[in-house]
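S.K.: I'm passing along run22.cif; it holds mmCIF, C-alpha atoms.
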```cif
data_final
loop_
_atom_site.group_PDB
_atom_site.id
_atom_site.type_symbol
_atom_site.label_atom_id
_atom_site.label_comp_id
_atom_site.auth_asym_id
_atom_site.auth_seq_id
_atom_site.Cartn_x
_atom_site.Cartn_y
_atom_site.Cartn_z
ATOM 1 C CA MET W 1 132.717 205.598 51.533
ATOM 2 C CA ALA W 2 135.653 205.411 53.885
ATOM 3 C CA ASN W 3 138.739 207.000 52.466
ATOM 4 C CA ILE W 4 142.344 206.567 53.524
ATOM 5 C CA GLN W 5 142.387 209.969 55.250
ATOM 6 C CA THR W 6 139.517 208.904 57.494
ATOM 7 C CA TRP W 7 141.137 205.598 58.378
ATOM 8 C CA THR W 8 144.463 207.261 59.210
ATOM 9 C CA SER W 9 142.765 209.894 61.389
ATOM 10 C CA LEU W 10 141.148 207.289 63.661
ATOM 11 C CA ARG W 11 142.695 206.682 67.068
ATOM 12 C CA TYR W 12 141.362 203.183 67.725
ATOM 13 C CA PHE W 13 140.244 201.462 64.534
ATOM 14 C CA LYS W 14 142.150 200.192 61.499
ATOM 15 C CA PRO W 15 140.751 198.340 58.485
ATOM 16 C CA GLY W 16 143.099 195.352 58.883
ATOM 17 C CA ASN W 17 142.680 194.888 62.649
ATOM 18 C CA THR W 18 142.135 191.180 63.215
ATOM 19 C CA THR W 19 139.743 191.649 66.161
ATOM 20 C CA ASP W 20 137.310 193.709 64.048
ATOM 21 C CA ASN W 21 135.112 192.326 61.281
ATOM 22 C CA TRP W 22 134.640 195.292 58.931
ATOM 23 C CA GLY W 23 133.589 193.353 55.850
ATOM 24 C CA ASP W 24 134.460 195.728 52.998
ATOM 25 C CA ALA W 25 136.287 198.311 55.114
ATOM 26 C CA ASN W 26 136.447 200.750 52.206
ATOM 27 C CA ALA W 27 132.677 200.775 51.705
ATOM 28 C CA ILE W 28 131.575 201.893 55.181
ATOM 29 C CA SER W 29 130.679 205.539 55.710
ATOM 30 C CA ASP W 30 133.246 208.000 56.990
ATOM 31 C CA GLU W 31 130.626 209.405 59.363
ATOM 32 C CA THR W 32 130.105 206.016 61.012
ATOM 33 C CA LEU W 33 133.832 205.496 61.491
ATOM 34 C CA LEU W 34 134.393 208.952 62.963
ATOM 35 C CA ARG W 35 131.463 208.665 65.366
ATOM 36 C CA LEU W 36 132.547 205.172 66.412
ATOM 37 C CA ASP W 37 136.087 206.342 67.125
ATOM 38 C CA ASP W 38 134.805 209.247 69.239
ATOM 39 C CA PHE W 39 132.380 206.888 71.020
ATOM 40 C CA ARG W 40 135.269 204.533 71.817
ATOM 41 C CA HIS W 41 137.375 207.417 73.124
ATOM 42 C CA ASP W 42 134.554 208.609 75.384
ATOM 43 C CA LEU W 43 133.889 205.124 76.783
ATOM 44 C CA GLY W 44 137.537 204.595 77.658
ATOM 45 C CA CYS W 45 137.437 200.876 76.882
ATOM 46 C CA ALA W 46 137.811 198.687 73.819
ATOM 47 C CA ILE W 47 135.046 198.300 71.274
ATOM 48 C CA HIS W 48 135.097 195.264 68.978
ATOM 49 C CA VAL W 49 133.309 195.377 65.633
ATOM 50 C CA VAL W 50 131.623 192.007 65.153
ATOM 51 C CA ARG W 51 129.917 192.992 61.878
ATOM 52 C CA GLY W 52 130.467 195.897 59.542
ATOM 53 C CA VAL W 53 129.609 195.885 55.859
ATOM 54 C CA ALA W 54 127.742 192.729 54.869
ATOM 55 C CA LYS W 55 126.062 191.157 51.858
ATOM 56 C CA SER W 56 123.539 188.984 53.696
ATOM 57 C CA GLY W 57 122.199 188.008 57.098
ATOM 58 C CA HIS W 58 120.054 191.084 57.747
ATOM 59 C CA THR W 59 116.746 192.549 56.591
ATOM 60 C CA SER W 60 116.639 193.700 52.973
ATOM 61 C CA LYS W 61 116.953 197.404 53.863
ATOM 62 C CA SER W 62 119.836 196.866 56.300
ATOM 63 C CA GLU W 63 122.258 199.709 56.862
ATOM 64 C CA HIS W 64 125.008 197.044 56.671
ATOM 65 C CA TYR W 65 124.446 196.700 52.918
ATOM 66 C CA ALA W 66 125.866 198.750 50.073
ATOM 67 C CA GLU W 67 123.731 199.367 47.017
ATOM 68 C CA TYR W 68 125.305 199.590 43.564
ATOM 69 C CA ASP W 69 124.346 201.046 40.204
ATOM 70 C CA GLU W 70 124.702 199.195 36.906
ATOM 71 C CA ALA W 71 128.324 200.328 36.559
ATOM 72 C CA GLY W 72 129.181 198.837 39.954
ATOM 73 C CA GLU W 73 129.496 202.190 41.735
ATOM 74 C CA ILE W 74 128.131 202.457 45.260
ATOM 75 C CA THR W 75 124.888 204.431 45.365
ATOM 76 C CA LYS W 76 124.078 203.773 49.039
ATOM 77 C CA VAL W 77 126.971 203.681 51.467
ATOM 78 C CA PRO W 78 126.652 201.256 54.411
ATOM 79 C CA THR W 79 126.410 203.083 57.728
ATOM 80 C CA ALA W 80 126.101 200.234 60.267
ATOM 81 C CA VAL W 81 128.339 198.372 62.675
ATOM 82 C CA ASP W 82 127.503 195.739 65.251
ATOM 83 C CA ILE W 83 129.748 196.082 68.269
ATOM 84 C CA ILE W 84 130.457 194.629 71.666
ATOM 85 C CA VAL W 85 132.115 196.402 74.574
ATOM 86 C CA PRO W 86 133.086 193.542 76.898
ATOM 87 C CA ASP W 87 134.883 195.690 79.493
ATOM 88 C CA PHE W 88 132.141 198.323 79.836
ATOM 89 C CA GLN W 89 131.378 198.510 83.549
ATOM 90 C CA LEU W 90 128.213 200.602 83.604
ATOM 91 C CA SER W 91 124.646 199.579 82.776
ATOM 92 C CA PRO W 92 123.088 198.904 79.369
ATOM 93 C CA PHE W 93 121.182 202.171 79.883
ATOM 94 C CA ASP W 94 124.482 204.050 80.046
ATOM 95 C CA LEU W 95 125.772 202.310 76.928
ATOM 96 C CA VAL W 96 122.666 203.176 74.896
ATOM 97 C CA LEU W 97 122.680 206.779 76.126
ATOM 98 C CA ALA W 98 126.349 207.116 75.229
ATOM 99 C CA ALA W 99 125.602 205.912 71.687
ATOM 100 C CA GLU W 100 122.827 208.474 71.384
ATOM 101 C CA LYS W 101 125.193 211.191 72.600
ATOM 102 C CA PHE W 102 127.424 210.540 69.588
ATOM 103 C CA GLY W 103 124.576 210.896 67.126
ATOM 104 C CA PHE W 104 123.974 207.318 66.070
ATOM 105 C CA ARG W 105 120.513 207.373 64.530
ATOM 106 C CA GLY W 106 119.762 203.648 64.567
ATOM 107 C CA ILE W 107 120.442 201.820 67.830
ATOM 108 C CA GLY W 108 119.657 198.213 68.595
ATOM 109 C CA TYR W 109 120.602 196.497 71.852
ATOM 110 C CA TYR W 110 121.194 192.731 71.937
ATOM 111 C CA PRO W 111 121.607 191.538 75.549
ATOM 112 C CA HIS W 112 122.441 187.943 74.574
ATOM 113 C CA TRP W 113 125.498 188.541 72.356
ATOM 114 C CA LYS W 114 128.655 186.772 73.502
ATOM 115 C CA TRP W 115 132.359 187.568 73.404
ATOM 116 C CA GLN W 116 134.861 184.783 74.035
ATOM 117 C CA GLY W 117 132.132 182.595 75.522
ATOM 118 C CA ALA W 118 130.750 185.180 77.961
ATOM 119 C CA VAL W 119 127.432 186.979 77.524
ATOM 120 C CA VAL W 120 128.310 190.671 77.259
ATOM 121 C CA GLY W 121 125.525 192.137 75.128
ATOM 122 C CA GLY W 122 126.101 194.342 72.127
ATOM 123 C CA LEU W 123 124.851 197.187 70.009
ATOM 124 C CA HIS W 124 123.898 197.759 66.425
ATOM 125 C CA LEU W 125 124.787 201.365 65.564
ATOM 126 C CA ASP W 126 124.122 203.201 62.339
ATOM 127 C CA CYS W 127 124.067 206.666 60.833
ATOM 128 C CA ARG W 128 120.945 206.139 58.737
ATOM 129 C CA THR W 129 119.119 208.911 56.986
ATOM 130 C CA TYR W 130 115.641 209.220 58.433
ATOM 131 C CA ARG W 131 112.911 208.901 55.860
ATOM 132 C CA GLU W 132 110.244 211.526 55.494
ATOM 133 C CA GLN W 133 106.619 210.687 56.311
ATOM 134 C CA ASP W 134 103.701 211.768 54.132
ATOM 135 C CA ASP W 135 103.174 214.871 56.296
ATOM 136 C CA GLY W 136 106.797 215.974 55.824
ATOM 137 C CA THR W 137 108.025 215.043 59.298
ATOM 138 C CA LEU W 138 110.907 212.658 59.842
ATOM 139 C CA ASP W 139 110.074 209.008 60.438
ATOM 140 C CA TYR W 140 111.863 207.828 63.575
ATOM 141 C CA ARG W 141 110.026 204.507 63.703
ATOM 142 C CA HIS W 142 112.224 201.426 63.797
ATOM 143 C CA ALA W 143 115.257 203.466 64.913
ATOM 144 C CA ARG W 144 115.416 201.963 68.440
ATOM 145 C CA TRP W 145 114.956 198.275 69.178
ATOM 146 C CA MET W 146 116.129 195.263 71.119
ATOM 147 C CA GLY W 147 116.833 191.856 69.646
ATOM 148 C CA ILE W 148 116.148 189.042 72.073
ATOM 149 C CA PRO W 149 116.253 185.269 71.654
ATOM 150 C CA GLY W 150 112.985 183.771 70.519
ATOM 151 C CA PRO W 151 111.752 180.211 70.124
ATOM 152 C CA ASP W 152 113.705 177.745 67.998
ATOM 153 C CA ASN W 153 116.852 179.904 67.738
ATOM 154 C CA THR W 154 114.977 182.833 66.223
ATOM 155 C CA GLN W 155 115.449 186.458 67.124
ATOM 156 C CA VAL W 156 112.515 188.579 68.221
ATOM 157 C CA TYR W 157 112.554 192.352 67.943
ATOM 158 C CA ILE W 158 110.958 194.461 70.663
ATOM 159 C CA ALA W 159 110.965 198.124 71.655
ATOM 160 C CA LEU W 160 114.117 199.498 73.220
ATOM 161 C CA SER W 161 112.489 200.745 76.386
ATOM 162 C CA PHE W 162 113.418 201.166 80.017
ATOM 163 C CA GLU W 163 111.171 198.274 80.971
ATOM 164 C CA ASN W 164 112.577 195.945 78.312
ATOM 165 C CA LEU W 165 116.161 196.827 79.212
ATOM 166 C CA LEU W 166 115.427 195.925 82.824
ATOM 167 C CA LYS W 167 113.612 192.756 81.873
ATOM 168 C CA TYR W 168 116.064 191.320 79.339
ATOM 169 C CA SER W 169 119.502 192.694 80.206
ATOM 170 C CA ASN W 170 119.985 191.055 83.623
ATOM 171 C CA TYR W 171 120.898 194.522 84.870
ATOM 172 C CA GLY W 172 117.604 194.757 86.703
ATOM 173 C CA ALA W 173 117.402 191.101 87.691
ATOM 174 C CA ASP W 174 116.750 191.996 91.309
ATOM 175 C CA ILE W 175 114.256 194.807 90.530
ATOM 176 C CA ASN W 176 110.508 194.158 90.367
ATOM 177 C CA ILE W 177 109.281 195.969 87.252
ATOM 178 C CA ASP W 178 105.598 195.040 87.553
ATOM 179 C CA GLY W 179 104.737 198.492 88.894
ATOM 180 C CA LEU W 180 106.790 200.491 86.366
ATOM 181 C CA HIS W 181 104.187 200.973 83.640
#
```
Kindly transcribe the structure held in the file into structure tokens.
M.R.:
Amino acid sequence: MANIQTWTSLRYFKPGNTTDNWGDANAISDETLLRLDDFRHDLGCAIHVVRGVAKSGHTSKSEHYAEYDEAGEITKVPTAVDIIVPDFQLSPFDLVLAAEKFGFRGIGYYPHWKWQGAVVGGLHLDCRTYREQDDGTLDYRHARWMGIPGPDNTQVYIALSFENLLKYSNYGADINIDGLH
């Protein structure tokens, strides 16, 4: 859980900042905050948190959710933020690679997210703990994805791949990807 020392050590983020939606700012993990602040510093442009700690709106195992014991103490600290970086001038590939560089373990790219009416895309970032598979190796499945608009205002999840980034991000709108398999 975020403590006051972590919040005061951050260069760019504060729990009461009106442009960031932290939810319960005291519940989010220190690790997530520290990585996000370093990520923001490296990018050199503003990051806006559009969703931090939440109680609903995601899958049941969401990294946005805290879990509590019977006494009301947090037993699972939320590790996720959804962000947009409207002034980022490089490609979605560069943005995803930068997030990986700072050790975010769960990364989702959403090319259709808007900021102040303009489509800018966004990222889900988290510091999840990878689960162990039956053979003892870490389970990296479901750690990279894209969320794209589906029929009837639904969201469809697909693999975060080079081909899908080109196809859905408008970055590669003038590139023919048919031969890139």
S.K.: With all atoms listed in the file as the atoms that count, which of W:His58, W:Arg105, W:His112, W:Arg131 lies nearest to Arg35 (chain W)?
M.R.: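 For Arg35 (chain W), the nearest of the candidates is W:Arg105.
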S.K.: Any idea what the distance is between CA of Ile83 (chain W) and CA of Lys167 (chain W)?
M.R.: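 Between these atoms lies a distance of 21.4 Å.
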S.K.: Expanded to explicit residues, what is the PyMOL selection byres ((chain W and resi 122) around 9) for this file, as a list in words?
M.R.: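 Selected by the PyMOL selection byres ((chain W and resi 122) around 9) in this file: Asp82, Ile83, Ile84, Val85, Pro86, Gly108, Tyr109, Tyr110, Pro111, His112, Trp113, Lys114, Val120, Gly121, Leu123 and His124 of chain W.
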S.K.: For the PyMOL selection byres ((chain W and resi 99) around 12), applied here, can you spell out every residue it catches as number ranges by chain?
M.R.: W: 32, 35-43, 83, 85, 92-98, 100-109, 122-127, 144
S.K.: Could you tell me how far CA of Lys61 (chain W) lies from CA of Glu31 (chain W), in Å and to one decimal?
M.R.: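 These atoms are spaced 19.0 Å apart.
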